[in-house]
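With compact mmCIF, C-alpha atoms inside, this is input.txt:
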```
# COMPACT_ATOMS: atom_id res chain seq x y z
CA MET J 1 -4.00 -19.27 -25.91
CA THR J 2 -0.85 -20.85 -24.56
CA ASP J 3 1.06 -19.28 -21.72
CA LYS J 4 3.78 -17.10 -23.23
CA LYS J 5 7.37 -17.24 -22.07
CA ASP J 6 8.67 -14.16 -20.29
CA GLY J 7 9.51 -12.17 -23.42
CA CYS J 8 9.72 -8.43 -23.97
CA VAL J 9 6.08 -7.95 -23.19
CA LYS J 10 4.34 -9.84 -20.45
CA PRO J 11 0.72 -9.03 -19.80
CA SER J 12 -0.56 -8.87 -16.26
CA LYS J 13 -4.17 -8.67 -15.22
CA GLY J 14 -3.86 -5.17 -13.72
CA VAL J 15 -6.87 -4.24 -11.62
CA ILE J 16 -9.00 -7.26 -10.80
CA THR J 17 -12.67 -6.58 -10.15
CA THR J 18 -14.93 -8.96 -8.33
CA THR J 19 -18.22 -7.81 -9.86
CA PRO J 20 -20.18 -11.02 -10.39
CA VAL J 21 -20.35 -12.09 -14.01
CA GLY J 22 -23.80 -11.67 -15.51
CA GLU J 23 -24.98 -9.15 -12.95
CA ALA J 24 -27.41 -6.79 -14.63
CA PRO J 25 -25.98 -3.28 -14.96
CA GLN J 26 -27.86 -0.60 -13.08
CA PRO J 27 -29.74 1.44 -15.70
CA THR J 28 -28.68 4.87 -14.43
CA MET J 29 -25.08 3.97 -13.62
CA THR J 30 -22.27 4.95 -15.93
CA LYS J 31 -19.03 3.04 -16.23
CA GLU J 32 -17.32 5.65 -14.06
CA VAL J 33 -19.63 5.09 -11.10
CA ASN J 34 -18.82 1.40 -11.10
CA MET J 35 -15.11 2.10 -10.91
CA LEU J 36 -13.26 0.74 -7.91
CA GLN J 37 -11.61 3.30 -5.68
CA ALA J 38 -9.29 2.74 -2.74
CA ARG J 39 -10.77 4.06 0.53
CA VAL J 40 -9.88 3.60 4.18
CA GLY J 41 -12.10 1.10 5.94
CA LYS J 42 -13.04 -0.55 2.63
CA PRO J 43 -11.63 -3.66 0.97
CA ALA J 44 -8.41 -3.08 -0.96
CA PRO J 45 -8.90 -3.16 -4.75
CA ASP J 46 -7.13 -6.30 -5.96
CA PHE J 47 -4.58 -6.30 -8.78
CA GLU J 48 -1.89 -8.33 -10.47
CA LEU J 49 1.26 -6.74 -11.89
CA SER J 50 4.54 -7.95 -13.29
CA ALA J 51 7.43 -7.52 -10.87
CA PHE J 52 11.14 -7.90 -10.31
CA PHE J 53 11.90 -9.85 -7.16
CA ASP J 54 14.58 -12.16 -5.89
CA GLY J 55 16.61 -11.94 -9.10
CA GLY J 56 13.75 -12.79 -11.45
CA PHE J 57 10.57 -11.61 -13.10
CA LYS J 58 7.19 -12.80 -11.93
CA ASN J 59 3.63 -11.60 -11.63
CA VAL J 60 2.53 -10.54 -8.15
CA ARG J 61 -1.12 -10.48 -7.07
CA LEU J 62 -2.13 -8.41 -4.06
CA SER J 63 -4.67 -10.95 -2.77
CA ASP J 64 -1.97 -13.65 -2.63
CA HIS J 65 -0.92 -11.87 0.58
CA LYS J 66 -4.42 -11.86 2.10
CA GLY J 67 -4.26 -12.85 5.76
CA LYS J 68 -1.11 -10.80 6.38
CA TRP J 69 -0.48 -7.13 7.04
CA ILE J 70 0.49 -5.48 3.75
CA VAL J 71 2.07 -2.12 2.99
CA ILE J 72 1.88 -0.84 -0.60
CA CYS J 73 4.21 2.00 -1.57
CA PHE J 74 3.75 3.81 -4.86
CA TYR J 75 6.70 5.96 -5.92
CA PRO J 76 7.27 8.25 -8.91
CA GLY J 77 10.15 6.39 -10.51
CA ASP J 78 13.25 4.25 -10.28
CA PHE J 79 16.48 6.23 -9.76
CA THR J 80 14.64 9.17 -8.19
CA PHE J 81 16.18 10.76 -5.17
CA VAL J 82 13.71 11.69 -2.44
CA MET E 83 5.78 -6.96 12.77
CA GLY E 84 5.32 -9.45 9.93
CA VAL E 85 4.45 -7.05 7.12
CA GLU E 86 4.54 -7.80 3.38
CA VAL E 87 5.83 -4.81 1.42
CA LEU E 88 5.08 -4.14 -2.26
CA ALA E 89 6.68 -1.19 -4.07
CA ILE E 90 5.00 0.03 -7.26
CA SER E 91 6.00 2.50 -9.95
CA THR E 92 5.19 2.95 -13.62
CA ASP E 93 8.68 1.79 -14.61
CA SER E 94 9.15 -1.49 -16.46
CA ARG E 95 10.35 -4.59 -14.64
CA PHE E 96 13.59 -4.28 -16.61
CA SER E 97 14.18 -0.83 -15.13
CA HIS E 98 13.40 -2.26 -11.67
CA LYS E 99 16.05 -4.95 -12.21
CA ILE E 100 18.77 -2.45 -13.13
CA TRP E 101 17.80 -0.10 -10.29
CA GLN E 102 18.00 -2.92 -7.78
CA GLU E 103 21.31 -4.19 -9.13
CA GLU E 104 23.03 -0.86 -9.80
CA GLU E 105 21.79 1.37 -7.01
CA LEU E 106 19.56 -0.17 -4.35
CA SER E 107 22.01 -2.98 -3.68
CA LYS E 108 24.58 -0.28 -2.79
CA MET E 109 22.20 1.16 -0.18
CA VAL E 110 20.86 -2.12 1.23
CA GLU E 111 23.06 -5.19 1.22
CA GLY E 112 21.60 -7.73 -1.20
CA GLY E 113 19.07 -5.17 -2.47
CA VAL E 114 15.65 -4.38 -1.07
CA PRO E 115 13.90 -7.52 0.22
CA PHE E 116 10.52 -6.89 -1.42
CA PRO E 117 9.12 -7.03 -4.99
CA LEU E 118 9.23 -4.00 -7.28
CA LEU E 119 5.99 -4.00 -9.27
CA SER E 120 5.46 -2.45 -12.68
CA ASP E 121 2.27 -0.40 -13.16
CA GLN E 122 2.86 0.69 -16.74
CA GLY E 123 -0.11 2.75 -17.87
CA GLY E 124 -1.05 3.57 -14.28
CA ARG E 125 -4.08 1.26 -14.18
CA VAL E 126 -3.54 0.29 -10.55
CA GLY E 127 -2.38 3.77 -9.55
CA THR E 128 -5.63 5.19 -10.93
CA VAL E 129 -7.75 2.96 -8.70
CA TYR E 130 -5.58 3.88 -5.69
CA GLY E 131 -5.88 7.60 -6.52
CA VAL E 132 -2.15 8.16 -7.03
CA TYR E 133 -1.77 8.19 -10.82
CA ASP E 134 -0.78 11.61 -12.20
CA GLU E 135 -2.03 11.54 -15.80
CA ASP E 136 -0.09 14.65 -16.83
CA ALA E 137 3.22 13.27 -15.64
CA GLY E 138 2.39 9.64 -16.42
CA VAL E 139 3.64 8.43 -13.04
CA ASP E 140 2.29 7.09 -9.75
CA ILE E 141 3.00 9.73 -7.12
CA ARG E 142 4.08 8.88 -3.57
CA GLY E 143 1.23 6.95 -1.97
CA ARG E 144 1.33 4.45 0.87
CA PHE E 145 -1.45 2.13 2.02
CA ILE E 146 -1.70 -0.15 5.07
CA ILE E 147 -3.91 -3.23 4.48
CA ASP E 148 -5.01 -5.48 7.34
CA PRO E 149 -5.22 -9.32 7.27
CA ASP E 150 -8.94 -9.07 6.39
CA PHE E 151 -7.87 -7.18 3.24
CA ASN E 152 -9.30 -3.84 4.33
CA ILE E 153 -7.37 -0.60 3.83
CA ARG E 154 -6.60 0.87 7.27
CA ALA E 155 -4.54 3.92 6.36
CA MET E 156 -3.32 5.87 3.39
CA GLU E 157 -0.89 8.73 2.85
CA VAL E 158 -0.38 10.45 -0.48
CA LEU E 159 2.28 13.10 -1.15
CA THR E 160 3.41 14.96 -4.24
CA PRO E 161 6.83 13.65 -5.23
CA GLU E 162 9.03 16.40 -3.75
CA VAL E 163 8.71 15.29 -0.12
CA GLY E 164 9.84 11.86 1.03
CA ARG E 165 8.05 9.64 3.52
CA ASN E 166 8.52 9.30 7.26
CA VAL E 167 9.22 5.61 7.77
CA SER E 168 9.00 5.77 11.57
CA GLU E 169 5.45 7.12 11.29
CA LEU E 170 4.53 4.25 8.96
CA ILE E 171 5.95 1.75 11.47
CA ARG E 172 4.10 3.46 14.33
CA GLN E 173 0.79 3.24 12.44
CA VAL E 174 1.28 -0.45 11.68
CA GLN E 175 2.10 -1.10 15.36
CA ALA E 176 -0.98 0.85 16.42
CA PHE E 177 -3.34 -0.98 14.06
CA GLN E 178 -1.88 -4.33 15.07
CA HIS E 179 -2.41 -3.41 18.73
CA VAL E 180 -6.01 -2.33 18.07
CA VAL E 181 -6.86 -5.55 16.21
CA LYS E 182 -5.22 -7.69 18.91
CA THR E 183 -6.63 -6.00 22.02
CA GLY E 184 -9.77 -4.06 21.05
CA GLU E 185 -8.26 -1.03 22.78
CA VAL E 186 -7.84 2.21 20.85
CA THR E 187 -4.72 4.31 20.57
CA PRO E 188 -5.03 8.06 21.23
CA SER E 189 -3.08 10.80 19.48
CA GLY E 190 0.68 10.36 19.76
CA TRP E 191 0.48 6.74 20.87
CA GLN E 192 3.68 4.73 20.74
CA PRO E 193 4.16 1.17 22.00
CA GLY E 194 4.23 1.35 25.80
CA LYS E 195 2.12 4.51 26.01
CA PRO E 196 -1.40 4.30 27.51
CA THR E 197 -4.32 3.19 25.35
CA LEU E 198 -8.03 3.85 25.84
CA THR E 199 -10.85 1.33 26.17
CA PRO E 200 -13.89 2.76 24.40
CA GLY E 201 -17.27 2.56 26.10
CA PRO E 202 -19.84 4.54 28.07
CA ASP E 203 -17.56 4.79 31.13
CA LEU E 204 -14.98 6.71 29.14
CA ALA E 205 -17.37 9.37 27.83
CA GLY E 206 -16.43 12.69 29.40
CA LYS E 207 -13.52 11.07 31.26
CA VAL E 208 -10.88 11.08 28.55
CA TRP E 209 -9.25 14.08 30.30
CA LYS E 210 -8.42 11.79 33.23
CA GLU E 211 -6.80 9.17 31.03
CA TRP E 212 -5.06 11.26 28.41
CA LYS E 213 -3.11 14.51 28.69
CA PRO E 214 -2.10 16.72 25.72
CA ASP E 215 1.62 16.15 26.36
CA LEU E 216 1.05 12.48 25.41
CA ALA E 217 0.40 13.69 21.86
CA PHE E 218 4.12 14.36 21.34
```
Structure translated into structure tokens:
Amino acid sequence: MTDKKDGCVKPSKGVITTTPVGEAPQPTMTKEVNMLQARVGKPAPDFELSAFFDGGFKNVRLSDHKGKWIVICFYPGDFTFV
Amino acid sequence: MGVEVLAISTDSRFSHKIWQEEELSKMVEGGVPFPLLSDQGGRVGTVYGVYDEDAGVDIRGRFIIDPDFNIRAMEVLTPEVGRNVSELIRQVQAFQHVVKTGEVTPSGWQPGKPTLTPGPDLAGKVWKEWKPDLAF
């Protein structure tokens, strides 16, 4: 698949898991148990999302900033007022 | 402090562009100096425990990540109450101090206030080093 131009829809990888490929699934584990969850003192779940920055659109991956202090702020929506 | 900031909501990147150009640039000259990320579908918000499925939005959540890529702090609020930016800055300063010096920062620590050095000598002697009025 060729890399698409930045059209109306631009896929990003979303959550990126580091589970080794080919690792045998634990027999008693469900999909839910394997799910990544952010916790203090644990590695930050990695992700890539599309973004607006510096006048343009680009995909931003959290781990591209590894080695620096990072603050992530989730907020309910653009144009909100709190 | 040298901190990378990423802001994330479930809005599209197109909405982010208009918000930056039409509103944020009127609050901050040149607009906010960090990327606005689009978490449509709340996939990332779900993993960070901030995605409200009923409302379809990422609620107010803030995470401090250290250079080793570990989460050091998190704060999650329902949308009605805004954040306290000075407390965020204080926490970043405290974690940076801890990583740099190996000292620990007691309740209410601000840059310049006394720190503690953990170890057997301190056990039972915290009362000598730290008084409750330092918490405020």
Select residues of chain E: the criterion is any atom within 6 Å of an atom of chain J, counting only C-alpha atoms; output as a PDB file with C-alpha atoms, keeping the file's coordinate frame.
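As written to disk, part.pdb reads:
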```pdb
ATOM      1  CA  VAL E  85       4.450  -7.050   7.120  1.00  0.00           C
ATOM      2  CA  GLU E  86       4.540  -7.800   3.380  1.00  0.00           C
ATOM      3  CA  VAL E  87       5.830  -4.810   1.420  1.00  0.00           C
ATOM      4  CA  LEU E  88       5.080  -4.140  -2.260  1.00  0.00           C
ATOM      5  CA  ALA E  89       6.680  -1.190  -4.070  1.00  0.00           C
ATOM      6  CA  ILE E  90       5.000   0.030  -7.260  1.00  0.00           C
ATOM      7  CA  SER E  91       6.000   2.500  -9.950  1.00  0.00           C
ATOM      8  CA  ARG E  95      10.350  -4.590 -14.640  1.00  0.00           C
ATOM      9  CA  PRO E 117       9.120  -7.030  -4.990  1.00  0.00           C
ATOM     10  CA  LEU E 118       9.230  -4.000  -7.280  1.00  0.00           C
ATOM     11  CA  LEU E 119       5.990  -4.000  -9.270  1.00  0.00           C
ATOM     12  CA  SER E 120       5.460  -2.450 -12.680  1.00  0.00           C
ATOM     13  CA  VAL E 126      -3.540   0.290 -10.550  1.00  0.00           C
ATOM     14  CA  VAL E 129      -7.750   2.960  -8.700  1.00  0.00           C
ATOM     15  CA  TYR E 130      -5.580   3.880  -5.690  1.00  0.00           C
ATOM     16  CA  VAL E 139       3.640   8.430 -13.040  1.00  0.00           C
ATOM     17  CA  ASP E 140       2.290   7.090  -9.750  1.00  0.00           C
ATOM     18  CA  ILE E 141       3.000   9.730  -7.120  1.00  0.00           C
ATOM     19  CA  ARG E 142       4.080   8.880  -3.570  1.00  0.00           C
ATOM     20  CA  GLY E 143       1.230   6.950  -1.970  1.00  0.00           C
ATOM     21  CA  ARG E 144       1.330   4.450   0.870  1.00  0.00           C
ATOM     22  CA  PHE E 145      -1.450   2.130   2.020  1.00  0.00           C
ATOM     23  CA  ILE E 146      -1.700  -0.150   5.070  1.00  0.00           C
ATOM     24  CA  ILE E 147      -3.910  -3.230   4.480  1.00  0.00           C
ATOM     25  CA  ASP E 148      -5.010  -5.480   7.340  1.00  0.00           C
ATOM     26  CA  PRO E 149      -5.220  -9.320   7.270  1.00  0.00           C
ATOM     27  CA  PHE E 151      -7.870  -7.180   3.240  1.00  0.00           C
ATOM     28  CA  ASN E 152      -9.300  -3.840   4.330  1.00  0.00           C
ATOM     29  CA  ILE E 153      -7.370  -0.600   3.830  1.00  0.00           C
ATOM     30  CA  ARG E 154      -6.600   0.870   7.270  1.00  0.00           C
ATOM     31  CA  ALA E 155      -4.540   3.920   6.360  1.00  0.00           C
ATOM     32  CA  GLY E 164       9.840  11.860   1.030  1.00  0.00           C
TER      33      GLY E 164
END
```
field: Separation of CA of Ala176 in chain E from CA of Ala217 in chain E in Å
entry: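 Computed distance, CA of Ala217 in chain E to CA of Ala176 in chain E, equals 14.0 Å.
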field: Minimum-distance residue to His98 in chain E, chosen among E:Gly206, E:Pro196, E:Pro188, E:Gly113 (using only C-alpha atoms)
entry: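 The shortest atom-to-atom distance to His98 in chain E comes from E:Gly113.
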message: Quick check, in Å to one decimal: how far apart do CA of Leu198 in chain E and CA of Val186 in chain E lie?
response: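 Going from CA of Leu198 in chain E over to CA of Val186 in chain E, I get 5.3 Å.
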- request: Can you work out the spacing between CA of Trp191 in chain E and CA of Val174 in chain E in Å, to one decimal?
  value: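 Computing the Euclidean distance for CA of Trp191 in chain E and CA of Val174 in chain E yields 11.7 Å.
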task: Give the answer as one residue: which of E:Phe96, E:Gln175, E:Leu106, E:Ser189 has the shortest atom-to-atom distance to Val208 in chain E, using only C-alpha atoms?
output: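 The shortest atom-to-atom distance to Val208 in chain E comes from E:Ser189.
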task: Using all atoms listed in the file, pick whichever of E:Val163, E:Gly112, E:Gly123, E:Glu135 has the shortest atom-to-atom distance to Pro11 in chain J.
output: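 The closest residue to Pro11 in chain J is E:Gly123.
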